[in-house]
>>> print(open('target.cif').read())   # mmCIF, C-alpha atoms
data_target
loop_
_atom_site.label_atom_id
_atom_site.label_comp_id
_atom_site.auth_asym_id
_atom_site.auth_seq_id
_atom_site.Cartn_x
_atom_site.Cartn_y
_atom_site.Cartn_z
CA MET A 1 26.63 6.52 14.29
CA ILE A 2 28.73 3.93 12.47
CA ALA A 3 25.67 2.69 10.57
CA THR A 4 24.87 6.23 9.47
CA MET A 5 28.43 6.79 8.25
CA PHE A 6 28.33 3.47 6.40
CA ALA A 7 25.05 4.37 4.70
CA ALA A 8 26.45 7.75 3.64
CA ALA A 9 29.64 6.21 2.28
CA PHE A 10 27.93 3.31 0.50
CA PRO A 11 24.38 4.44 -0.41
CA GLY A 12 23.89 1.65 -2.94
CA ARG A 13 24.72 -1.03 -0.42
CA ALA A 14 22.54 0.58 2.27
CA ARG A 15 19.56 0.55 -0.10
CA ALA A 16 20.19 -3.08 -0.99
CA GLU A 17 19.92 -4.06 2.66
CA ARG A 18 16.48 -2.51 3.02
CA LEU A 19 13.51 -4.82 2.75
CA LYS A 20 11.95 -4.67 -0.69
CA VAL A 21 8.37 -5.85 -1.08
CA ALA A 22 6.64 -6.42 -4.41
CA ILE A 23 2.86 -6.39 -4.90
CA VAL A 24 2.09 -9.25 -7.27
CA PRO A 25 -1.46 -9.28 -8.72
CA GLY A 26 -2.86 -12.77 -9.09
CA ILE A 27 -6.48 -13.76 -9.60
CA ALA A 28 -8.83 -10.85 -10.33
CA VAL A 29 -12.62 -11.13 -10.62
CA ASN A 30 -14.64 -8.41 -12.41
CA LEU A 31 -11.70 -5.99 -12.50
CA ASP A 32 -9.91 -4.70 -15.56
CA ALA A 33 -6.14 -4.30 -15.81
CA ALA A 34 -6.28 -0.55 -15.10
CA ARG A 35 -8.08 -1.00 -11.77
CA ILE A 36 -5.79 -3.85 -10.80
CA ASP A 37 -2.69 -1.75 -11.48
CA THR A 38 -4.14 1.25 -9.63
CA LEU A 39 -5.03 -0.76 -6.54
CA SER A 40 -1.66 -2.52 -6.58
CA GLN A 41 0.13 0.82 -6.77
CA GLU A 42 -2.00 2.26 -3.98
CA LEU A 43 -1.09 -0.73 -1.81
CA ALA A 44 2.61 -0.32 -2.58
CA ASP A 45 2.52 3.41 -1.81
CA ALA A 46 0.58 2.88 1.42
CA LEU A 47 3.04 0.26 2.67
CA ARG A 48 6.01 2.45 1.84
CA GLY A 49 4.42 5.39 3.64
CA GLU A 50 3.81 3.42 6.85
CA LEU A 51 6.81 1.10 6.90
CA ASP A 52 10.53 1.67 6.41
CA ILE A 53 10.74 -0.46 3.27
CA GLU A 54 11.01 -0.22 -0.50
CA THR A 55 8.03 -1.30 -2.57
CA ILE A 56 7.17 -1.95 -6.19
CA GLY A 57 3.68 -2.28 -7.63
CA GLY A 58 1.31 -1.29 -10.39
CA LEU A 59 2.51 -0.88 -13.95
CA GLU A 60 6.15 -1.47 -13.06
CA VAL A 61 5.31 -4.95 -11.79
CA ARG A 62 3.23 -5.73 -14.88
CA ARG A 63 6.09 -4.54 -17.10
CA ARG A 64 8.56 -6.93 -15.48
CA LEU A 65 6.34 -10.00 -15.32
CA PRO A 66 5.63 -12.28 -18.31
CA VAL A 67 3.18 -10.87 -20.84
CA GLU A 68 1.00 -13.95 -20.58
CA GLY A 69 0.70 -13.44 -16.81
CA LEU A 70 1.41 -15.83 -13.94
CA PRO A 71 -0.05 -19.30 -13.51
CA PRO A 72 -2.89 -19.48 -10.96
CA ASP A 73 -0.84 -21.74 -8.66
CA CYS A 74 2.26 -19.52 -8.71
CA VAL A 75 1.96 -18.69 -4.99
CA ALA A 76 2.15 -22.43 -4.21
CA THR A 77 5.03 -23.18 -6.59
CA GLN A 78 8.52 -22.42 -5.35
CA ARG A 79 10.00 -22.21 -8.84
CA CYS A 80 7.40 -19.61 -9.85
CA ILE A 81 7.96 -17.65 -6.63
CA ASP A 82 11.72 -17.59 -7.22
CA GLU A 83 11.23 -16.40 -10.80
CA VAL A 84 8.89 -13.59 -9.72
CA ALA A 85 11.31 -12.54 -6.98
CA ARG A 86 14.17 -12.47 -9.48
CA ARG A 87 12.24 -10.39 -12.00
CA LEU A 88 11.07 -7.90 -9.40
CA GLU A 89 14.31 -7.93 -7.36
CA ALA A 90 12.24 -8.29 -4.18
CA THR A 91 12.94 -10.12 -0.93
CA GLN A 92 9.27 -10.41 0.02
CA LEU A 93 6.17 -10.78 -2.12
CA LEU A 94 2.51 -10.01 -1.51
CA PHE A 95 0.40 -12.08 -3.89
CA VAL A 96 -2.92 -10.26 -4.21
CA VAL A 97 -6.34 -11.61 -5.14
CA MET A 98 -8.92 -8.93 -5.96
CA VAL A 99 -12.65 -9.48 -6.25
CA ASP A 100 -15.19 -6.82 -7.20
CA THR A 101 -18.11 -7.57 -4.87
CA GLY A 102 -20.58 -5.72 -7.10
CA THR A 103 -21.67 -3.31 -4.37
CA GLY A 104 -20.86 0.16 -5.62
CA GLY A 105 -17.39 -0.70 -6.80
CA ALA A 106 -16.22 -2.21 -3.51
CA VAL A 107 -13.31 -4.63 -3.82
CA GLN A 108 -12.21 -7.40 -1.49
CA VAL A 109 -8.45 -7.76 -1.41
CA ASP A 110 -6.90 -11.00 -0.15
CA THR A 111 -3.12 -11.23 0.23
CA THR A 112 -0.61 -14.00 0.75
CA TRP A 113 2.78 -13.03 2.10
CA VAL A 114 5.89 -14.87 0.92
CA ASP A 115 9.44 -14.46 2.16
CA THR A 116 11.72 -15.45 -0.70
CA VAL A 117 14.74 -15.95 1.59
CA SER A 118 13.27 -18.08 4.38
CA LYS A 119 10.69 -19.69 2.03
CA ARG A 120 7.93 -18.89 4.51
CA ALA A 121 4.39 -17.98 3.47
CA ALA A 122 1.24 -16.87 5.29
CA SER A 123 -2.24 -15.63 4.45
CA ARG A 124 -3.14 -12.14 5.63
CA PRO A 125 -6.56 -10.79 6.71
CA ALA A 126 -8.80 -9.65 3.87
CA ILE A 127 -9.22 -5.93 3.24
CA ASP A 128 -12.56 -4.58 2.05
CA VAL A 129 -11.91 -1.47 -0.04
CA ALA A 130 -15.11 0.58 -0.22
CA THR A 131 -13.97 2.99 -2.94
CA LEU A 132 -10.84 3.61 -4.94
CA ALA A 133 -10.46 6.99 -3.24
CA SER A 134 -10.28 5.36 0.20
CA ALA A 135 -7.98 2.52 -0.86
CA ARG A 136 -4.69 4.03 0.25
CA ALA A 137 -5.99 4.96 3.69
CA GLN A 138 -7.40 1.47 4.23
CA PHE A 139 -4.19 -0.16 3.04
CA ALA A 140 -2.16 2.10 5.31
CA SER A 141 -4.21 1.12 8.36
CA ALA A 142 -3.59 -2.56 7.55
CA ALA A 143 0.14 -2.16 6.76
CA GLN A 144 1.43 -3.72 9.97
CA GLN A 145 -0.97 -6.64 9.63
CA LEU A 146 0.24 -7.33 6.11
CA LEU A 147 3.93 -7.02 7.01
CA PRO A 148 4.24 -7.46 10.79
CA ASP A 149 8.01 -8.00 10.67
CA ALA A 150 8.78 -4.84 8.68
CA PRO A 151 10.19 -1.84 10.56
CA VAL A 152 7.78 1.02 11.08
CA ARG A 153 8.74 4.29 9.41
CA PRO A 154 9.77 6.92 12.00
CA ARG A 155 7.14 9.60 12.41
CA SER A 156 7.87 13.27 11.81
CA GLU A 157 7.50 15.56 14.79
CA ALA A 158 5.66 18.12 12.68
CA GLY A 159 2.74 19.62 14.52
CA ILE A 160 4.28 19.16 18.00
CA GLY A 161 4.68 22.65 19.36
CA ARG A 162 6.06 24.43 22.37
CA MET A 163 5.03 27.52 24.29
CA SER A 164 7.35 30.45 23.84
CA PRO A 165 8.18 32.51 26.95
CA PRO A 166 6.23 35.76 27.32
CA VAL A 167 8.07 39.03 26.68
CA PRO A 168 7.11 41.87 29.07
CA ARG A 169 6.77 45.47 27.90
CA HIS A 170 10.13 47.15 27.72
CA PHE A 171 11.98 50.16 26.32
CA GLU A 172 14.10 49.72 23.22
CA LEU A 173 16.38 52.09 21.28
CA PRO A 174 13.54 53.69 19.23
CA SER A 175 11.52 54.36 22.38
CA TYR A 176 14.59 55.87 24.10
CA LEU A 177 15.09 58.19 21.11
CA THR A 178 11.46 59.32 21.04
CA GLY A 179 11.54 59.78 24.81
CA ALA A 180 14.68 61.90 24.54
CA ALA A 181 13.02 63.99 21.82
CA ALA A 182 10.00 64.53 24.08
CA VAL A 183 12.20 65.70 26.98
CA ALA A 184 14.26 67.95 24.71
CA GLY A 185 11.14 69.44 23.15
CA LEU A 186 9.60 70.09 26.56
CA GLY A 187 12.80 71.76 27.82
CA LEU A 188 13.00 73.94 24.70
CA GLY A 189 9.35 74.96 25.01
CA ILE A 190 9.62 75.86 28.69
CA SER A 191 12.89 77.82 28.38
CA LEU A 192 11.81 79.80 25.32
CA GLY A 193 8.34 80.33 26.76
CA ILE A 194 9.78 81.78 29.95
CA ALA A 195 12.17 84.01 27.97
CA ALA A 196 9.37 85.28 25.70
CA ARG A 197 7.11 85.94 28.68
CA GLY A 198 9.87 87.89 30.43
CA LYS A 199 10.45 90.12 27.37
CA TYR A 200 6.71 90.65 26.99
CA ARG A 201 6.43 91.83 30.60
CA ASP A 202 9.37 94.18 30.06
CA CYS A 203 7.54 95.69 27.08
CA ASP A 204 4.38 96.11 29.17
CA ALA A 205 6.37 97.84 31.91
CA ALA A 206 8.05 100.14 29.37
CA ALA A 207 4.69 100.99 27.82
CA ALA A 208 3.30 101.91 31.27
CA GLY A 209 6.24 104.38 31.69
CA GLY A 210 5.51 105.99 28.35
CA ALA A 211 8.22 104.22 26.36
CA ALA A 212 7.39 101.89 23.45
CA CYS A 213 9.06 98.54 22.57
CA SER A 214 11.02 98.53 19.37
CA SER A 215 9.87 96.50 16.38
CA ALA A 216 12.98 94.29 16.65
CA ARG A 217 12.12 93.42 20.26
CA LYS A 218 8.56 92.56 19.35
CA ASP A 219 9.78 90.37 16.50
CA SER A 220 12.12 88.61 18.95
CA ILE A 221 9.23 87.94 21.34
CA ARG A 222 7.09 86.49 18.54
CA THR A 223 9.97 84.26 17.31
CA GLN A 224 10.62 82.90 20.79
CA ALA A 225 6.92 82.24 21.31
CA LEU A 226 6.73 80.29 18.02
CA LEU A 227 9.84 78.29 18.93
CA ALA A 228 8.34 77.54 22.34
CA ASP A 229 5.17 76.24 20.68
CA THR A 230 7.33 74.10 18.37
CA GLY A 231 9.15 72.66 21.39
CA TYR A 232 5.83 71.76 23.04
CA ALA A 233 4.65 70.09 19.79
CA ILE A 234 7.85 68.00 19.66
CA ALA A 235 7.37 67.04 23.31
CA ILE A 236 3.77 65.90 22.69
CA GLY A 237 4.70 63.93 19.54
CA GLY A 238 7.65 62.27 21.25
CA ALA A 239 5.56 61.32 24.26
CA ILE A 240 2.86 59.75 22.08
CA ALA A 241 5.43 57.80 20.03
CA THR A 242 7.16 56.57 23.19
CA ALA A 243 3.87 55.40 24.66
CA VAL A 244 2.96 53.51 21.48
CA LEU A 245 6.38 51.83 21.22
CA TYR A 246 6.26 50.79 24.87
CA ALA A 247 2.70 49.48 24.62
CA THR A 248 3.56 47.27 21.63
CA SER A 249 6.96 46.06 22.90
CA GLY A 250 5.55 43.12 24.90
CA GLU A 251 4.59 39.73 23.51
CA ALA A 252 2.28 37.16 25.02
CA SER A 253 3.23 33.50 25.28
CA HIS A 254 2.23 31.67 22.08
CA VAL A 255 2.39 28.25 20.49
CA VAL A 256 5.31 27.68 18.16
CA VAL A 257 4.96 24.67 15.83
CA GLU A 258 8.39 23.34 14.96
CA PRO A 259 8.31 20.54 12.37
CA THR A 260 11.33 18.48 11.44
CA SER A 261 13.36 19.10 8.32
CA GLY A 262 11.18 19.62 5.29
CA GLY A 263 8.14 20.60 7.29
CA LEU A 264 6.35 23.88 7.63
CA ALA A 265 6.81 26.16 10.64
CA VAL A 266 3.61 27.82 11.86
CA THR A 267 3.48 30.35 14.68
CA ALA A 268 0.28 31.55 16.35
CA SER A 269 1.06 34.58 18.46
CA GLY A 270 -0.47 37.61 20.10
CA ARG A 271 0.79 40.91 21.45
CA PHE A 272 -0.40 42.87 24.41
#
>>> encode(input="target.cif", output="structure tokens")
Amino acid sequence: MIATMFAAAFPGRARAERLKVAIVPGIAVNLDAARIDTLSQELADALRGELDIETIGGLEVRRRLPVEGLPPDCVATQRCIDEVARRLEATQLLFVVMVDTGTGGAVQVDTTWVDTVSKRAASRPAIDVATLASARAQFASAAQQLLPDAPVRPRSEAGIGRMSPPVPRHFELPSYLTGAAAVAGLGLGISLGIAARGKYRDCDAAAAGGAACSSARKDSIRTQALLADTGYAIAIGGAIATAVLYATSGEASHVVVEPTSGGLAVTASGRF
């Protein structure tokens, strides 16, 4: 906690305390300057991606080093090492020897690690880069061999998911409203249907006794019958809507991918 607060309060000082590694191109056989710079930059980027360090490589290194280049024995000369470290502002150096093997553009990369503070040096295992496109991946896989003392960059938790709990079918406010409309429509249809049927029977009884129903009464019977039909239609529509809302209210358990900050959240789900 204290270290975090210190880093936030003094970002420049926190960066200065991080290990900085420079990729220093040395001897190169059958490679032009462009390929050397590209491979050096790929190595710097790969190390920075795998390890919690700062790196410098490629054109930026060439820009800071002498125009005439470094002497061949620089890696064995402490004065030369100190000068390179000063120019590149690095605490550790990786002197790189690159040789084009002549087999489809493959390059053998040999590195010598130098710690400018402790004055220690060590040769690292050679890396055979098959193609320029695969260089970064191959460098990344060898990062901990090249810099075994460097801290490994913490991995993001992106892609690690959890199972969400299933949600059973249930009634919600919309389904309660459609259900209420269905009940109200059914009640209206039944009550008006009964009333219309009663008036119709009264007219039949009057007609049997020789009396005729008035036009107003017949119109009233027809109106009640139409309203009863409307009530039944509302009841049917409300029942269908309620059934659909209930059927789609549940949710099956699904995988929820929850990446860390800056990642992408992906949810694969299904309903039942």
>>> residues_near_point(input="target.cif", point="(9.1, -5.6, -0.9)", cutoff="9 Å", atoms="only C-alpha atoms", output="list in words")
Arg18, Leu19, Lys20, Val21, Ala22, Ile23, Ala44, Ile53, Glu54, Thr55, Ile56, Glu89, Ala90, Thr91, Gln92, Leu93 and Leu94 of chain A
>>> closest_residue(input="target.cif", among="A:Ala33, A:Leu65, A:Leu70, A:Ile240", to="Arg86 of chain A", atoms="all atoms listed in the file")
A:Leu65
>>> residues_near_point(input="target.cif", point="(7.8, 5.9, 5.0)", cutoff="12 Å", atoms="only C-alpha atoms", output="list in words")
Ala44, Asp45, Ala46, Leu47, Arg48, Gly49, Glu50, Leu51, Asp52, Ile53, Glu54, Thr55, Ala140, Ala143, Ala150, Pro151, Val152, Arg153, Pro154, Arg155 and Ser156 of chain A
>>> resolve_selection(input="target.cif", expression="the PyMOL selection byres ((chain A and resi 190) around 12)", output="list in words")
Val183, Ala184, Gly185, Leu186, Gly187, Leu188, Gly189, Ser191, Leu192, Gly193, Ile194, Ala195, Ala196, Arg197, Gln224, Ala225, Leu226, Leu227, Ala228, Asp229, Thr230, Gly231, Tyr232, Ala233 and Ala235 of chain A
>>> resolve_selection(input="target.cif", expression="the PyMOL selection byres ((chain A and resi 243) around 12)", output="list in words")
Arg169, His170, Phe171, Glu172, Pro174, Ser175, Tyr176, Thr178, Gly179, Ala182, Ile236, Gly237, Gly238, Ala239, Ile240, Ala241, Thr242, Val244, Leu245, Tyr246, Ala247, Thr248 and Ser249 of chain A
>>> atom_distance(input="target.cif", atom1="atom CA of Ala206 of chain A", atom2="atom CA of Thr223 of chain A")
20.0 Å
>>> residues_around(input="target.cif", residues="Ala216 of chain A", least_positions_apart="6", cutoff="12 Å", atoms="all atoms listed in the file", output="PyMOL selection string")
chain A and resi 199+203+222-223
>>> atom_distance(input="target.cif", atom1="atom CA of Arg79 of chain A", atom2="atom CA of Arg63 of chain A")
19.9 Å
>>> resolve_selection(input="target.cif", expression="the PyMOL selection byres ((chain A and resi 100) around 9)", output="NGL selection string")
:A and (28-31 or 98-99 or 101-103 or 105-109)
>>> closest_residue(input="target.cif", among="A:Ala207, A:Cys74, A:Ala34, A:Leu147", to="Leu132 of chain A", atoms="only C-alpha atoms")
A:Ala34
>>> atom_distance(input="target.cif", atom1="atom CA of Leu43 of chain A", atom2="atom CA of Thr112 of chain A")
13.5 Å
